[in-house]
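S.K.: Supplied structure: work01.cif, mmCIF, C-alpha atoms.
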```
data_my_file
#
loop_
_atom_site.group_PDB
_atom_site.id
_atom_site.type_symbol
_atom_site.label_atom_id
_atom_site.label_comp_id
_atom_site.auth_asym_id
_atom_site.auth_seq_id
_atom_site.Cartn_x
_atom_site.Cartn_y
_atom_site.Cartn_z
ATOM 1 C CA MET K 279 -9.866 -15.187 -18.189
ATOM 2 C CA LYS K 280 -10.374 -18.615 -16.703
ATOM 3 C CA LYS K 281 -12.765 -20.039 -14.125
ATOM 4 C CA LYS K 282 -10.193 -19.870 -11.323
ATOM 5 C CA ASP K 283 -9.636 -16.160 -12.033
ATOM 6 C CA PHE K 284 -13.292 -15.434 -11.334
ATOM 7 C CA ILE K 285 -13.205 -17.571 -8.187
ATOM 8 C CA LEU K 286 -10.136 -15.667 -6.933
ATOM 9 C CA ILE K 287 -11.651 -12.254 -7.693
ATOM 10 C CA GLY K 288 -14.940 -13.364 -6.104
ATOM 11 C CA ILE K 289 -13.204 -14.504 -2.904
ATOM 12 C CA VAL K 290 -11.211 -11.252 -2.649
ATOM 13 C CA PHE K 291 -14.389 -9.197 -3.072
ATOM 14 C CA LEU K 292 -16.214 -11.298 -0.468
ATOM 15 C CA ILE K 293 -13.407 -10.785 2.058
ATOM 16 C CA ALA K 294 -13.437 -7.045 1.300
ATOM 17 C CA LEU K 295 -17.207 -6.916 1.735
ATOM 18 C CA ALA K 296 -16.980 -8.786 5.043
ATOM 19 C CA GLY K 297 -14.272 -6.320 6.098
ATOM 20 C CA PHE K 298 -16.417 -3.307 5.225
ATOM 21 C CA GLY K 299 -19.329 -4.862 7.111
ATOM 22 C CA PHE K 300 -17.178 -5.560 10.168
ATOM 23 C CA ILE K 301 -15.813 -2.008 10.204
ATOM 24 C CA ARG K 302 -19.256 -0.430 9.872
ATOM 25 C CA TRP K 303 -20.679 -2.704 12.531
ATOM 26 C CA THR K 304 -17.966 -1.945 15.064
ATOM 27 C CA GLN K 305 -17.485 1.768 14.501
ATOM 28 C CA HIS K 306 -19.350 4.720 15.958
ATOM 29 C CA ASP K 307 -18.791 8.411 16.593
ATOM 30 C CA GLY K 308 -15.409 8.919 18.226
ATOM 31 C CA THR K 309 -14.599 11.181 21.132
ATOM 32 C CA GLN K 310 -10.809 11.102 21.344
ATOM 33 C CA VAL K 311 -7.968 11.788 18.944
ATOM 34 C CA ILE K 312 -4.663 9.998 19.451
ATOM 35 C CA VAL K 313 -1.506 10.928 17.568
ATOM 36 C CA THR K 314 1.378 8.472 17.414
ATOM 37 C CA VAL K 315 4.807 8.858 15.841
ATOM 38 C CA ASP K 316 6.862 5.705 15.248
ATOM 39 C CA GLY K 317 4.523 3.762 17.530
ATOM 40 C CA GLU K 318 4.843 6.204 20.446
ATOM 41 C CA GLU K 319 1.802 8.181 21.557
ATOM 42 C CA VAL K 320 2.709 11.871 21.431
ATOM 43 C CA TYR K 321 -0.640 13.608 21.803
ATOM 44 C CA ARG K 322 -4.177 12.885 22.914
ATOM 45 C CA THR K 323 -7.060 15.303 22.794
ATOM 46 C CA ASP K 324 -10.817 15.618 22.582
ATOM 47 C CA LEU K 325 -12.441 15.467 19.180
ATOM 48 C CA SER K 326 -14.780 18.243 20.263
ATOM 49 C CA LYS K 327 -11.950 20.774 20.758
ATOM 50 C CA ASP K 328 -11.261 22.714 17.566
ATOM 51 C CA GLN K 329 -7.505 23.122 17.187
ATOM 52 C CA THR K 330 -4.420 22.726 15.060
ATOM 53 C CA TYR K 331 -1.519 20.649 16.323
ATOM 54 C CA GLU K 332 1.941 20.301 14.873
ATOM 55 C CA ILE K 333 2.954 16.666 15.096
ATOM 56 C CA PRO K 334 6.585 16.274 16.223
ATOM 57 C CA VAL K 335 7.926 14.163 13.353
ATOM 58 C CA GLU K 336 11.653 13.925 12.728
ATOM 59 C CA GLU K 337 11.538 13.902 8.952
ATOM 60 C CA GLY K 338 9.551 17.078 8.307
ATOM 61 C CA THR K 339 6.277 18.741 9.167
ATOM 62 C CA ASN K 340 2.778 17.396 9.752
ATOM 63 C CA VAL K 341 -0.021 19.585 11.052
ATOM 64 C CA MET K 342 -3.280 18.077 12.218
ATOM 65 C CA LYS K 343 -6.462 20.106 12.302
ATOM 66 C CA ILE K 344 -9.610 19.388 14.285
ATOM 67 C CA GLN K 345 -12.701 21.260 13.209
ATOM 68 C CA ASN K 346 -16.366 20.538 13.910
ATOM 69 C CA GLY K 347 -15.589 17.065 15.235
ATOM 70 C CA GLU K 348 -13.567 16.062 12.177
ATOM 71 C CA VAL K 349 -9.826 15.584 11.819
ATOM 72 C CA THR K 350 -7.700 16.290 8.762
ATOM 73 C CA MET K 351 -3.972 16.572 8.073
ATOM 74 C CA SER K 352 -3.919 20.205 7.030
ATOM 75 C CA LYS K 353 -0.201 20.435 6.314
ATOM 76 C CA ALA K 354 2.433 17.860 5.411
ATOM 77 C CA ASP K 355 5.690 17.997 3.509
ATOM 78 C CA CYS K 356 5.962 14.278 2.851
ATOM 79 C CA PRO K 357 6.658 13.219 -0.730
ATOM 80 C CA ASP K 358 3.404 11.381 -1.432
ATOM 81 C CA GLN K 359 0.890 13.801 0.207
ATOM 82 C CA ILE K 360 -1.447 10.879 0.853
ATOM 83 C CA CYS K 361 -2.176 12.008 4.413
ATOM 84 C CA ARG K 362 -3.066 15.508 3.247
ATOM 85 C CA ASN K 363 -5.463 14.181 0.611
ATOM 86 C CA HIS K 364 -7.135 11.871 3.099
ATOM 87 C CA ALA K 365 -10.801 12.568 3.748
ATOM 88 C CA ALA K 366 -11.736 13.964 7.189
ATOM 89 C CA ILE K 367 -12.102 11.296 9.884
ATOM 90 C CA SER K 368 -14.502 11.192 12.830
ATOM 91 C CA GLN K 369 -15.482 7.538 13.403
ATOM 92 C CA THR K 370 -13.755 5.168 15.835
ATOM 93 C CA GLY K 371 -11.017 3.120 14.236
ATOM 94 C CA GLU K 372 -10.500 5.599 11.407
ATOM 95 C CA THR K 373 -6.915 6.668 10.840
ATOM 96 C CA ILE K 374 -4.903 9.106 8.789
ATOM 97 C CA VAL K 375 -1.479 7.648 8.159
ATOM 98 C CA CYS K 376 1.616 9.464 6.973
ATOM 99 C CA LEU K 377 3.821 6.529 5.972
ATOM 100 C CA PRO K 378 6.968 8.537 5.128
ATOM 101 C CA HIS K 379 6.915 10.349 8.488
ATOM 102 C CA LYS K 380 5.613 7.356 10.462
ATOM 103 C CA ALA K 381 2.799 9.442 11.948
ATOM 104 C CA VAL K 382 -0.675 8.093 12.664
ATOM 105 C CA ILE K 383 -3.766 10.004 13.730
ATOM 106 C CA GLU K 384 -6.493 7.763 15.039
ATOM 107 C CA ILE K 385 -9.959 8.198 16.475
ATOM 108 C CA THR K 386 -11.088 6.292 19.528
ATOM 109 C CA SER K 387 -13.842 6.520 22.067
ATOM 110 C CA GLU K 388 -11.803 5.308 25.028
ATOM 111 C CA THR K 389 -11.983 7.863 27.791
ATOM 112 C CA GLY K 390 -10.341 8.256 31.113
ATOM 113 C CA THR K 391 -6.890 6.902 30.322
ATOM 114 C CA THR K 392 -5.153 10.260 30.591
ATOM 115 C CA GLU K 393 -7.169 11.255 33.662
ATOM 116 C CA LEU K 394 -6.322 7.929 35.340
ATOM 117 C CA ASP K 395 -2.643 8.480 34.677
ATOM 118 C CA GLY K 396 -2.985 11.894 36.272
ATOM 119 C CA ILE K 397 -4.393 10.387 39.440
ATOM 120 C CA THR K 398 -1.968 7.490 39.814
ATOM 121 C CA GLN K 399 1.107 9.608 39.258
ATOM 122 C CA MET I 22 25.784 -15.067 -17.872
ATOM 123 C CA ASP I 23 25.708 -14.552 -21.613
ATOM 124 C CA ALA I 24 25.613 -11.201 -23.333
ATOM 125 C CA LYS I 25 22.032 -11.626 -24.496
ATOM 126 C CA ARG I 26 20.777 -12.196 -20.996
ATOM 127 C CA ILE I 27 22.662 -9.186 -19.647
ATOM 128 C CA ALA I 28 21.215 -7.034 -22.423
ATOM 129 C CA ALA I 29 17.664 -8.300 -21.859
ATOM 130 C CA ASP I 30 17.889 -7.856 -18.073
ATOM 131 C CA GLY I 31 19.231 -4.329 -18.482
ATOM 132 C CA LEU I 32 16.509 -3.491 -20.958
ATOM 133 C CA PHE I 33 13.738 -4.720 -18.714
ATOM 134 C CA LEU I 34 15.218 -3.101 -15.632
ATOM 135 C CA ALA I 35 15.310 0.208 -17.500
ATOM 136 C CA LEU I 36 11.744 -0.315 -18.673
ATOM 137 C CA ALA I 37 10.552 -1.121 -15.151
ATOM 138 C CA LEU I 38 12.295 2.017 -13.858
ATOM 139 C CA VAL I 39 10.734 4.270 -16.498
ATOM 140 C CA VAL I 40 7.345 2.795 -15.725
ATOM 141 C CA SER I 41 7.922 3.400 -11.982
ATOM 142 C CA TYR I 42 8.724 7.017 -12.770
ATOM 143 C CA ILE I 43 5.559 7.430 -14.873
ATOM 144 C CA GLU I 44 3.643 6.068 -11.918
ATOM 145 C CA VAL I 45 5.207 8.710 -9.629
ATOM 146 C CA LEU I 46 4.090 11.386 -12.107
ATOM 147 C CA ILE I 47 0.440 10.329 -12.001
ATOM 148 C CA PRO I 48 -0.549 10.214 -8.342
ATOM 149 C CA ILE I 49 -3.986 8.951 -7.418
ATOM 150 C CA PRO I 50 -5.259 11.493 -4.862
ATOM 151 C CA VAL I 51 -7.639 9.251 -2.949
ATOM 152 C CA GLY I 52 -5.794 9.667 0.330
ATOM 153 C CA ILE I 53 -5.413 5.966 0.934
ATOM 154 C CA PRO I 54 -1.858 4.696 1.305
ATOM 155 C CA GLY I 55 -0.901 2.018 -1.192
ATOM 156 C CA VAL I 56 -3.453 2.753 -3.909
ATOM 157 C CA LYS I 57 -1.690 2.659 -7.253
ATOM 158 C CA ILE I 58 -1.905 1.146 -10.699
ATOM 159 C CA GLY I 59 1.200 -0.983 -10.322
ATOM 160 C CA LEU I 60 2.480 -0.501 -13.865
ATOM 161 C CA ALA I 61 5.856 -1.981 -12.935
ATOM 162 C CA ASN I 62 4.098 -5.264 -12.231
ATOM 163 C CA ALA I 63 3.333 -5.602 -15.946
ATOM 164 C CA VAL I 64 7.076 -5.646 -16.635
ATOM 165 C CA ILE I 65 7.688 -8.020 -13.727
ATOM 166 C CA MET I 66 4.980 -10.400 -14.968
ATOM 167 C CA VAL I 67 6.343 -10.421 -18.511
ATOM 168 C CA LEU I 68 9.701 -11.437 -17.018
ATOM 169 C CA LEU I 69 8.052 -14.085 -14.863
ATOM 170 C CA PHE I 70 6.303 -15.609 -17.872
ATOM 171 C CA PHE I 71 9.304 -15.547 -20.206
ATOM 172 C CA THR I 72 12.171 -16.215 -17.803
ATOM 173 C CA THR I 73 12.685 -17.755 -14.349
ATOM 174 C CA TRP I 74 11.412 -16.489 -11.006
ATOM 175 C CA GLN I 75 14.993 -16.046 -9.820
ATOM 176 C CA ARG I 76 15.737 -13.644 -12.651
ATOM 177 C CA THR I 77 12.467 -11.845 -12.074
ATOM 178 C CA LEU I 78 13.170 -11.499 -8.353
ATOM 179 C CA LEU I 79 16.620 -10.034 -9.033
ATOM 180 C CA ILE I 80 15.288 -7.414 -11.458
ATOM 181 C CA SER I 81 12.343 -6.634 -9.189
ATOM 182 C CA VAL I 82 14.556 -6.009 -6.149
ATOM 183 C CA VAL I 83 17.063 -3.907 -8.115
ATOM 184 C CA ARG I 84 14.198 -1.888 -9.601
ATOM 185 C CA ILE I 85 12.730 -1.189 -6.149
ATOM 186 C CA LEU I 86 16.114 -0.114 -4.759
ATOM 187 C CA LEU I 87 16.854 2.175 -7.710
ATOM 188 C CA ALA I 88 13.338 3.625 -7.875
ATOM 189 C CA GLY I 89 13.479 4.219 -4.113
ATOM 190 C CA PHE I 90 16.759 6.132 -4.350
ATOM 191 C CA LEU I 91 15.692 8.045 -7.458
ATOM 192 C CA PHE I 92 12.045 8.954 -6.799
ATOM 193 C CA GLY I 93 11.338 7.967 -3.202
ATOM 194 C CA ASN I 94 12.970 7.805 0.204
ATOM 195 C CA PRO I 95 14.400 5.017 2.389
ATOM 196 C CA MET I 96 10.936 4.348 3.809
ATOM 197 C CA THR I 97 9.383 3.779 0.409
ATOM 198 C CA ILE I 98 12.081 1.180 -0.286
ATOM 199 C CA VAL I 99 11.084 -0.810 2.804
ATOM 200 C CA TYR I 100 7.393 -0.718 1.864
ATOM 201 C CA SER I 101 8.017 -1.516 -1.777
ATOM 202 C CA LEU I 102 10.342 -4.418 -0.971
ATOM 203 C CA ALA I 103 7.744 -6.013 1.305
ATOM 204 C CA GLY I 104 5.020 -5.529 -1.289
ATOM 205 C CA GLY I 105 7.157 -6.550 -4.242
ATOM 206 C CA ILE I 106 8.565 -9.725 -2.711
ATOM 207 C CA LEU I 107 5.217 -10.950 -1.313
ATOM 208 C CA SER I 108 3.568 -10.124 -4.632
ATOM 209 C CA LEU I 109 6.127 -12.108 -6.616
ATOM 210 C CA PHE I 110 5.870 -15.008 -4.173
ATOM 211 C CA VAL I 111 2.079 -15.182 -4.595
ATOM 212 C CA MET I 112 2.333 -14.890 -8.388
ATOM 213 C CA VAL I 113 4.865 -17.749 -8.557
ATOM 214 C CA ILE I 114 2.542 -19.903 -6.403
ATOM 215 C CA LEU I 115 -0.520 -19.069 -8.550
ATOM 216 C CA ARG I 116 1.457 -20.015 -11.660
ATOM 217 C CA LYS I 117 2.483 -23.321 -10.062
ATOM 218 C CA ILE I 118 -1.142 -24.101 -9.119
ATOM 219 C CA ARG I 119 -2.183 -23.710 -12.784
ATOM 220 C CA GLY I 120 -5.682 -22.845 -13.973
ATOM 221 C CA PHE I 121 -5.165 -19.111 -13.527
ATOM 222 C CA SER I 122 -4.778 -16.762 -16.486
ATOM 223 C CA VAL I 123 -2.539 -13.697 -16.468
ATOM 224 C CA VAL I 124 -5.443 -11.691 -15.040
ATOM 225 C CA GLY I 125 -5.868 -13.984 -12.039
ATOM 226 C CA ILE I 126 -2.127 -14.035 -11.363
ATOM 227 C CA SER I 127 -2.009 -10.252 -11.653
ATOM 228 C CA VAL I 128 -4.903 -9.818 -9.214
ATOM 229 C CA GLY I 129 -3.196 -12.148 -6.733
ATOM 230 C CA GLY I 130 0.021 -10.186 -7.112
ATOM 231 C CA GLY I 131 -1.677 -6.807 -6.761
ATOM 232 C CA VAL I 132 -3.591 -7.759 -3.647
ATOM 233 C CA ALA I 133 -0.509 -9.431 -2.126
ATOM 234 C CA HIS I 134 1.487 -6.261 -2.804
ATOM 235 C CA ASN I 135 -1.024 -4.186 -0.837
ATOM 236 C CA ILE I 136 -1.174 -6.664 2.041
ATOM 237 C CA GLY I 137 2.627 -6.803 2.227
ATOM 238 C CA GLN I 138 2.959 -3.027 2.348
ATOM 239 C CA LEU I 139 0.209 -2.648 4.892
ATOM 240 C CA SER I 140 1.710 -5.327 7.130
ATOM 241 C CA VAL I 141 5.053 -3.507 7.136
ATOM 242 C CA ALA I 142 3.222 -0.273 7.974
ATOM 243 C CA VAL I 143 1.512 -2.013 10.899
ATOM 244 C CA LEU I 144 4.853 -3.399 12.136
ATOM 245 C CA LEU I 145 6.813 -0.166 11.697
ATOM 246 C CA MET I 146 4.207 2.071 13.275
ATOM 247 C CA GLU I 147 3.128 -0.513 15.845
ATOM 248 C CA ASN I 148 -0.454 0.358 15.132
ATOM 249 C CA ALA I 149 -2.842 -2.425 14.117
ATOM 250 C CA ARG I 150 -5.558 0.123 13.320
ATOM 251 C CA ILE I 151 -3.948 0.540 9.937
ATOM 252 C CA TYR I 152 -5.540 -2.775 8.946
ATOM 253 C CA TYR I 153 -8.684 -0.661 8.649
ATOM 254 C CA TYR I 154 -7.518 -0.036 5.077
ATOM 255 C CA VAL I 155 -7.547 -3.738 4.129
ATOM 256 C CA PRO I 156 -11.056 -3.848 2.565
ATOM 257 C CA VAL I 157 -10.479 -0.736 0.438
ATOM 258 C CA LEU I 158 -7.078 -1.983 -0.677
ATOM 259 C CA LEU I 159 -8.490 -5.415 -1.565
ATOM 260 C CA ILE I 160 -10.932 -3.734 -3.960
ATOM 261 C CA THR I 161 -8.458 -1.249 -5.471
ATOM 262 C CA GLY I 162 -5.783 -3.967 -5.673
ATOM 263 C CA THR I 163 -8.192 -6.222 -7.558
ATOM 264 C CA ILE I 164 -9.237 -3.516 -10.025
ATOM 265 C CA ALA I 165 -5.634 -2.475 -10.662
ATOM 266 C CA GLY I 166 -4.675 -6.158 -10.898
ATOM 267 C CA ILE I 167 -7.296 -6.818 -13.585
ATOM 268 C CA ALA I 168 -6.130 -3.822 -15.650
ATOM 269 C CA ILE I 169 -2.458 -4.773 -15.371
ATOM 270 C CA GLY I 170 -3.316 -8.419 -16.072
ATOM 271 C CA VAL I 171 -5.077 -7.523 -19.335
ATOM 272 C CA LEU I 172 -2.136 -5.302 -20.328
ATOM 273 C CA THR I 173 0.364 -8.062 -19.530
ATOM 274 C CA GLY I 174 -1.714 -10.572 -21.521
ATOM 275 C CA ILE I 175 -1.367 -8.350 -24.591
ATOM 276 C CA LEU I 176 2.370 -7.884 -23.993
ATOM 277 C CA ILE I 177 2.966 -11.623 -23.653
ATOM 278 C CA ARG I 178 1.176 -12.294 -26.937
ATOM 279 C CA LYS I 179 2.930 -9.523 -28.869
ATOM 280 C CA LEU I 180 6.482 -9.733 -27.531
ATOM 281 C CA PRO I 181 8.863 -11.996 -29.474
ATOM 282 C CA LYS I 182 9.896 -14.982 -27.372
ATOM 283 C CA ASN I 183 13.503 -14.900 -28.574
ATOM 284 C CA LEU I 184 13.943 -11.527 -26.889
ATOM 285 C CA PHE I 185 15.027 -13.268 -23.693
#
```
Represent the structure from my file as structure tokens, please.
M.R.:
Amino acid sequence: MKKKDFILIGIVFLIALAGFGFIRWTQHDGTQVIVTVDGEEVYRTDLSKDQTYEIPVEEGTNVMKIQNGEVTMSKADCPDQICRNHAAISQTGETIVCLPHKAVIEITSETGTTELDGITQ
Amino acid sequence: MDAKRIAADGLFLALALVVSYIEVLIPIPVGIPGVKIGLANAVIMVLLFFTTWQRTLLISVVRILLAGFLFGNPMTIVYSLAGGILSLFVMVILRKIRGFSVVGISVGGGVAHNIGQLSVAVLLMENARIYYYVPVLLITGTIAGIAIGVLTGILIRKLPKNLF
């Protein structure tokens, strides 16, 4: 290994560390769960409501499960199973992504959007 | 194109494909999209060091297409192409800059691969929150890059130059 290798690895680690710091600094306990498929929001619910929800993906099946304020992908028939192996999420900004089925579960703390829509309609 | 070049390209394409398949067989169950060893990059880097970037790009793209049809799905092809092309681009640049060893070039390639894939995921799913994975992928990409870089260093020393 040469000097520039260490510099490169050092810079990458510093950026990663700054990223981790930024994420920790900006995130807090979430209140809302938003499910999107192919960029379109398909479902929004409270993180406090225990439930299972089948995400309407075209390519197969994805089932999201909310339990004790934590979200997991309890079922998925995608080839890589990355979403199913993902650790439970509960903090704002955290996501579970199913790349093959283009489904994203994300946690936010924004409230009122759905209620507002209900009023303006 | 002479016969030797055709034979060598075919050989390395086959090798890259086998290595891609091995990688499919050993999943890393960390639940983070894009975390992998990147064994195929060892083959790609050997090609990059012994031949031209054009030849390497051709074999890399054909490998991704074939591996996608054989072991993946159309989506994996899109992700892999973005990762593979950005990775090769960064590795060619790092080689041009000089002063980097195989390990440094491999780390650059590994990290670039992750960033490329993640960027396509953000575009396709229109969800910038996915960038949340960047720090984790920078670390895993670096570790995998170091391992693959060391492996490639050995390969470059041991492989006969007249093979190509």
S.K.: I need the contact residues of chain I against chain K, so if you could list those with any atom within 8 Å, counting all atoms listed in the file, and return them as a PyMOL selection string, that would help.
M.R.: chain I and resi 50-54+93-94+96-97+120-126+128-129+142+145-148+150-151+153+155-157+159-160+163
S.K.: Would you list the residues near (4.8, 19.6, 17.7) (no more than 10 Å away, in the coordinates of the file, using only C-alpha atoms) as a list of chain:residue names?
M.R.: K:Val320, K:Tyr321, K:Tyr331, K:Glu332, K:Ile333, K:Pro334, K:Val335, K:Thr339, K:Asn340, K:Val341, K:Met342
S.K.: Expand the PyMOL selection byres ((chain I and resi 35-39) around 8) into the explicit residue set it covers here, and present it as a ChimeraX atom specification.
M.R.: /I:31-34,40-43,61,64-65,84,87-88
S.K.: Determine the residue membership of the PyMOL selection byres ((chain I and resi 105) around 9) for the file above and supply it as a PyMOL selection string.
M.R.: chain I and resi 62+78+81-82+85+100-104+106-110+130+133-134+137-138
S.K.: For a cutoff of 10 Å around the file-coordinate point (8.9, -12.4, -20.3), which residues qualify once you count only C-alpha atoms? I'd like the result as a ChimeraX atom specification.
M.R.: /I:29,33,63-73,77,173,176-177,180-185
S.K.: Between K:Ile289, K:Ser368, K:Asp355, K:Ile383, which one has atoms that come closest to K:Glu337, using only C-alpha atoms?
M.R.: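 Looking only at the distances to K:Glu337, the closest residue turns out to be K:Asp355.
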S.K.: What is the distance, in Å and to one decimal place, between atom CA of I:Ile114 and atom CA of I:Gly162?
M.R.: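 Straight-line distance from atom CA of I:Ile114 to atom CA of I:Gly162 works out to 18.0 Å.
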S.K.: So, counting only C-alpha atoms, which residue among K:Gly338, K:Val313, K:Glu319, K:Gly308 is closest to K:Lys353?
M.R.: K:Gly338
S.K.: One decimal, Å: what's the distance from atom CA of I:Asp23 over to atom CA of I:Val83, could you say?
M.R.: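 According to the coordinates, atom CA of I:Asp23 and atom CA of I:Val83 are separated by 19.2 Å.
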S.K.: So how many Å separate atom CA of I:Ala28 and atom CA of I:Ile80, to one decimal?
M.R.: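 These two atoms are separated by 12.5 Å.
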S.K.: To box stretch 354-364 of chain K, take all atoms listed in the file, fit an axis-aligned box, add 6 Å on each side, and give centre and edge lengths in Å to one decimal, as JSON.
M.R.:
```
{"center_x": -0.2, "center_y": 14.4, "center_z": 2.0, "size_x": 25.8, "size_y": 19.1, "size_z": 18.8}
```
S.K.: Give me the residues within 7 Å of K:Lys343 as a PyMOL selection string, counting only C-alpha atoms and dropping any in the same chain fewer than 3 places off.
M.R.: chain K and resi 329-331+349-352
S.K.: Run the PyMOL selection byres ((chain I and resi 169) around 8) mentally over the shown coordinates, then write out the matched residues as a list in words, using the chain letters and numbers from the document.
M.R.: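 Here the PyMOL selection byres ((chain I and resi 169) around 8) matches Ile58, Gly59, Leu60, Asn62, Ala63, Val124, Ser127, Ala165, Gly166, Ile167, Ala168, Gly170, Val171, Leu172 and Thr173 of chain I.
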S.K.: Compare I:Val99, I:Phe90, I:Lys57, I:Gln75 by their minimum atom-to-atom distance to I:Val132, counting all atoms listed in the file, and give me the closest one.
M.R.: I:Lys57
S.K.: Using all atoms listed in the file, which of K:Ile344, K:Ile312, K:Ala366, K:Ala354 sits nearest K:Lys327?
M.R.: K:Ile344
